[in-house]
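Working notes for the structure below.
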Amino acid sequence: MLLENKNIAITGSGRGIGKYIALLCAKEGANIGLTSRTLGDLNKVKNEIEKINTGVKISVHEGDITDLVQVKTIFKNFHEDLGPLNGVVANAGWHDTQPSLTYDLNVFRKILDVHIMGVYYTFRASYPYLKIDDKKDKARFVLTGSMYFLATMAITRPFRLPYIIAEYGLVGLMKALTKEFKKDNITFNMVVPQTTDTFLTRGENAEDGNKPSLFLNPWDVSVYYLFLLSEYANNYNFKLLNSFDFEEVKKIISEAPSDKKNSIDDFFEYFKIKNENVYQNVKNLSKFIEFLLRYPHAPSLLLSV
Ligand SMILES: NC(=O)c1ccc[n+]([C@@H]2O[C@H](COP(=O)([O-])OP(=O)(O)OC[C@H]3O[C@@H](n4cnc5c(N)ncnc54)[C@H](OP(=O)(O)O)[C@@H]3O)[C@@H](O)[C@H]2O)c1
């Protein structure tokens with residue numbers, strides 16, 4: 001198991017992407033801290049984890065990520081229940097679409113609060129409990145970003161001003177923390193998912209089996225987090241894993257003949273011919289590609305529960 005005895009806390013883990021990160025990490029042996037504002041959702045995820053792996057501890061504490069006092073209490077409780085944290089995933093999020101000139105200011109501020117202040121509070125509140133005493137096994141702070149920080153998406157999809165500001169801001173926040181904490185044994189990395197079938201994008205219809213074909217399933221992205229939390233990513237710092245590129249890598253891996261998957265060099269030769277553009281985008285992230293070669297079915301493990 002990839003995360004045996006690790007303690008991983010995930011914000012926004014009551015549903016959607018955060019829920020599947022929690023399920024996959026628990027499947028891989030991690031003790032899990034679950035948090036969002038809705039205790040009922042968190043307890044449902046706890047029950048699902050218990051079906052997957054009875055040997056892990058699960059700590060459930062609800063609260064609002066935009067309130068530092070609440071976030072501090074949540075992480076203090078996680079520490080009491082689980083011990084020092086090996087990884088924290090700052091994933092809670094919410095957004096709305098309105099025209100920029102008439103955007104409701106309370107909603108505008110709330111989006112910035114959840115995505116910027118919420119992630120900052122998550123780091124500030126979790127830092128005292130992060131296990132940062134081992135250079136070979138660094139603590140991980142993983143952020144969920146969004147394609148909206150990429151210029152093309154921001155231009156093609158209007159009415160998302162605070163969300164787009166927040167997504168650019170998160171990259172800046174990550175950069176600043178990476179620099180300030182570079183002497184600590186802690187890394188900062190981001191998963192950048194494309195549109196995913198969750199409550200955020202499809203409301204109550206999420207996971208009804210009728211998602212638009214270009215949408216990802218929430219479990220598709222969970223493997224990105226598993227990698228960043230695992231020993232394979234110990235030396236990854238300030239990396240952004242863009243799902244547009246890596247979903248293509250997964251597809252190429254699934255179609256590649258087995259003799260092209262024996263080593264990263266064999267695969268790279270094949271990959272370059274199949275899609276030169278994506279190859280150029282990801283060739284410096286070869287550890288993740290090696291990981292995908294080795295664990296191509298990691299997310300689907302969940303479906304066999
Ligand atoms: N779905 C996509 O297409 C997509 C694409 C790129 C990035 N993302 C990002 O992925 C992350 C997860 O989103 P999702 O798609 O999985 O959405 P989701 O299914 O709506 O889940 C969002 C989670 O965040 C929690 N949350 C929201 N506001 C909160 C607050 N103020 N305090 C504490 N928890 C809060 C929600 O629980 P409560 O409401 O119960 O608190 C829920 O557990 C977000 O950061 C989102 O921006 C999503």
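Following the order of the structure tokens, first chain is A, next is B, and so on, with residues numbered from 1 inside each chain and ligands from 1 in the order they appear.
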Mind listing the residues within 8 Å of ligand 1, only C-alpha atoms and all ligand atoms counted, as a ChimeraX atom specification? /A:11-19,35-39,41-42,62-66,90-95,114-115,118,144-148,163,192-201,203,215-216,218
Shell around range 264-280 of chain A at 8 Å using only C-alpha atoms, local window under 4 positions removed, as number ranges by chain: A: 245, 248-249, 252, 256, 259-260, 286, 289-290
Within 9 Å of Leu82 in chain A using only C-alpha atoms, minus same-chain residues under 5 positions, as a compact mmCIF listing (two decimals) with C-alpha atoms, in the first residue's frame:
```txt
# COMPACT_ATOMS: atom_id res chain seq x y z
CA ASN A 7 -2.11 10.67 8.27
CA ILE A 8 -3.83 12.70 5.57
CA ASN A 31 -5.66 7.39 8.25
CA ILE A 32 -7.99 10.14 7.11
CA GLY A 33 -9.15 13.51 8.46
CA LYS A 57 -8.51 5.63 11.56
CA ILE A 58 -11.03 8.22 10.42
CA SER A 59 -11.37 11.59 12.11
CA ASN A 77 -8.79 17.74 16.62
```
May I have all residues of range 33-142 of chain A that DSSP, computed from the backbone, assigns to strand (DSSP E), given as an NGL selection string? :A and (33-35 or 58-60 or 87-90 or 139-142)
Since we have the selection now, will you write its residues out, keeping N, CA and C atoms, as a JSON list (two decimals), in the first residue's frame?
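Result file out-v4.json:
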```json
[["chain", "number", "residue", "atom", "x", "y", "z"],
["A", 33, "GLY", "N", -8.40, 12.43, 7.82],
["A", 33, "GLY", "CA", -9.15, 13.51, 8.46],
["A", 33, "GLY", "C", -10.12, 14.09, 7.44],
["A", 34, "LEU", "N", -11.41, 14.03, 7.77],
["A", 34, "LEU", "CA", -12.44, 14.52, 6.84],
["A", 34, "LEU", "C", -13.02, 15.82, 7.38],
["A", 35, "THR", "N", -13.20, 16.81, 6.50],
["A", 35, "THR", "CA", -13.87, 18.03, 6.96],
["A", 35, "THR", "C", -14.58, 18.77, 5.82],
["A", 58, "ILE", "N", -10.35, 7.14, 11.15],
["A", 58, "ILE", "CA", -11.03, 8.22, 10.42],
["A", 58, "ILE", "C", -11.46, 9.28, 11.44],
["A", 59, "SER", "N", -11.03, 10.50, 11.20],
["A", 59, "SER", "CA", -11.37, 11.59, 12.11],
["A", 59, "SER", "C", -12.28, 12.56, 11.36],
["A", 60, "VAL", "N", -13.44, 12.84, 11.95],
["A", 60, "VAL", "CA", -14.43, 13.68, 11.27],
["A", 60, "VAL", "C", -14.68, 14.95, 12.08],
["A", 87, "GLY", "N", 0.21, 14.65, 5.36],
["A", 87, "GLY", "CA", -0.26, 15.38, 4.18],
["A", 87, "GLY", "C", -1.55, 16.11, 4.45],
["A", 88, "VAL", "N", -1.68, 17.28, 3.83],
["A", 88, "VAL", "CA", -2.92, 18.05, 3.91],
["A", 88, "VAL", "C", -3.32, 18.42, 2.48],
["A", 89, "VAL", "N", -4.59, 18.18, 2.16],
["A", 89, "VAL", "CA", -5.09, 18.55, 0.83],
["A", 89, "VAL", "C", -6.10, 19.68, 1.02],
["A", 90, "ALA", "N", -5.75, 20.87, 0.49],
["A", 90, "ALA", "CA", -6.64, 22.04, 0.58],
["A", 90, "ALA", "C", -7.52, 22.03, -0.66],
["A", 139, "ALA", "N", 6.60, 16.36, 4.52],
["A", 139, "ALA", "CA", 5.16, 16.63, 4.63],
["A", 139, "ALA", "C", 4.69, 17.22, 3.30],
["A", 140, "ARG", "N", 3.42, 16.97, 2.98],
["A", 140, "ARG", "CA", 2.88, 17.44, 1.69],
["A", 140, "ARG", "C", 1.72, 18.39, 1.92],
["A", 141, "PHE", "N", 1.76, 19.52, 1.24],
["A", 141, "PHE", "CA", 0.60, 20.40, 1.20],
["A", 141, "PHE", "C", 0.17, 20.45, -0.26],
["A", 142, "VAL", "N", -1.00, 19.87, -0.52],
["A", 142, "VAL", "CA", -1.47, 19.75, -1.91],
["A", 142, "VAL", "C", -2.70, 20.63, -2.09]]
```
Show which residues sit within 9 Å of Asn237 in chain A, as an mmCIF file with N, CA and C atoms, in the first residue's frame. Count only C-alpha atoms, and ignore same-chain residues fewer than 3 positions away.
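Ended up saving to result-v6.cif:
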```
data_model
loop_
_atom_site.group_PDB
_atom_site.id
_atom_site.type_symbol
_atom_site.label_atom_id
_atom_site.label_comp_id
_atom_site.auth_asym_id
_atom_site.auth_seq_id
_atom_site.Cartn_x
_atom_site.Cartn_y
_atom_site.Cartn_z
ATOM 1 N N THR A 178 6.110 28.134 -1.072
ATOM 2 C CA THR A 178 7.231 27.274 -1.480
ATOM 3 C C THR A 178 8.549 27.957 -1.154
ATOM 4 N N ILE A 186 8.857 20.243 3.720
ATOM 5 C CA ILE A 186 7.456 20.293 3.293
ATOM 6 C C ILE A 186 7.418 20.724 1.830
ATOM 7 N N THR A 187 6.556 20.094 1.074
ATOM 8 C CA THR A 187 6.439 20.465 -0.344
ATOM 9 C C THR A 187 5.035 20.998 -0.623
ATOM 10 N N PHE A 188 4.949 21.823 -1.664
ATOM 11 C CA PHE A 188 3.663 22.427 -2.078
ATOM 12 C C PHE A 188 3.446 22.089 -3.550
ATOM 13 N N ASN A 189 2.357 21.438 -3.839
ATOM 14 C CA ASN A 189 2.062 21.097 -5.241
ATOM 15 C C ASN A 189 0.569 21.249 -5.486
ATOM 16 N N ALA A 233 6.677 11.242 -4.890
ATOM 17 C CA ALA A 233 6.707 12.684 -5.149
ATOM 18 C C ALA A 233 7.503 13.438 -4.090
ATOM 19 N N ASN A 234 8.362 12.719 -3.352
ATOM 20 C CA ASN A 234 9.103 13.376 -2.270
ATOM 21 C C ASN A 234 9.884 14.608 -2.753
#
```
6 Å contact set for range 128-135 of chain A, only C-alpha atoms, chain neighbours under 3 positions out, as a PyMOL selection string: chain A and resi 84-86+138-139+185
Can you spit out the residues from that selection as a CSV table (one decimal), in the first residue's frame, using C-alpha atoms?
```csv
chain,number,residue,atom,x,y,z
A,84,PRO,CA,1.2,14.3,13.2
A,85,LEU,CA,0.0,14.9,9.7
A,86,ASN,CA,1.9,13.6,6.7
A,138,LYS,CA,8.5,15.3,3.5
A,139,ALA,CA,5.2,16.6,4.6
A,185,ASN,CA,10.7,19.4,4.9
```
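Between CA of Ala125 in chain A and CA of Val69 in chain A there is a distance of 8.8 Å.
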Return as an MDAnalysis selection string the full set of residues in range 56-112 of chain A whose backbone-based DSSP assignment is alpha helix (DSSP H). chainID A and resid 68:82 105:112
Considering only C-alpha atoms, return as an mmCIF file with N, CA and C atoms, in the first residue's frame whatever protein or nucleic-acid residues lie within 10 Å of Leu2 in chain A, sequence-local ones (same chain, fewer than 3 positions apart) excluded.
```cif
data_model
loop_
_atom_site.group_PDB
_atom_site.id
_atom_site.type_symbol
_atom_site.label_atom_id
_atom_site.label_comp_id
_atom_site.auth_asym_id
_atom_site.auth_seq_id
_atom_site.Cartn_x
_atom_site.Cartn_y
_atom_site.Cartn_z
ATOM 1 N N ASN A 5 -0.137 3.830 7.113
ATOM 2 C CA ASN A 5 0.122 4.568 8.364
ATOM 3 C C ASN A 5 0.374 6.064 8.196
ATOM 4 N N LYS A 6 0.124 6.594 7.018
ATOM 5 C CA LYS A 6 0.238 8.054 6.843
ATOM 6 C C LYS A 6 -1.050 8.694 7.349
ATOM 7 N N CYS A 25 -7.033 7.365 -0.772
ATOM 8 C CA CYS A 25 -5.955 7.393 0.241
ATOM 9 C C CYS A 25 -6.205 6.327 1.314
ATOM 10 N N ALA A 26 -7.464 6.172 1.724
ATOM 11 C CA ALA A 26 -7.780 5.148 2.738
ATOM 12 C C ALA A 26 -7.541 3.756 2.173
ATOM 13 N N LYS A 27 -7.908 3.568 0.922
ATOM 14 C CA LYS A 27 -7.664 2.266 0.264
ATOM 15 C C LYS A 27 -6.165 1.947 0.280
ATOM 16 N N GLU A 28 -5.351 3.004 0.179
ATOM 17 C CA GLU A 28 -3.896 2.831 0.179
ATOM 18 C C GLU A 28 -3.309 2.887 1.589
ATOM 19 N N GLY A 29 -4.160 2.791 2.613
ATOM 20 C CA GLY A 29 -3.662 2.590 3.972
ATOM 21 C C GLY A 29 -3.569 3.824 4.843
ATOM 22 N N ALA A 30 -3.994 4.993 4.336
ATOM 23 C CA ALA A 30 -3.849 6.218 5.139
ATOM 24 C C ALA A 30 -4.986 6.364 6.148
ATOM 25 N N LEU A 226 -3.007 11.024 -4.974
ATOM 26 C CA LEU A 226 -2.320 9.858 -4.399
ATOM 27 C C LEU A 226 -0.828 9.940 -4.723
ATOM 28 N N PHE A 227 -0.523 10.256 -5.972
ATOM 29 C CA PHE A 227 0.887 10.382 -6.363
ATOM 30 C C PHE A 227 1.574 11.457 -5.532
ATOM 31 N N LEU A 229 0.973 12.641 -2.720
ATOM 32 C CA LEU A 229 1.075 12.319 -1.296
ATOM 33 C C LEU A 229 2.012 11.138 -1.042
ATOM 34 N N SER A 230 2.391 10.434 -2.103
ATOM 35 C CA SER A 230 3.183 9.207 -1.935
ATOM 36 C C SER A 230 4.683 9.504 -1.938
ATOM 37 N N GLU A 231 5.461 8.473 -1.613
ATOM 38 C CA GLU A 231 6.926 8.663 -1.578
ATOM 39 C C GLU A 231 7.492 9.012 -2.955
ATOM 40 N N TYR A 232 6.772 8.645 -4.016
ATOM 41 C CA TYR A 232 7.262 8.921 -5.373
ATOM 42 C C TYR A 232 7.418 10.420 -5.629
#
```
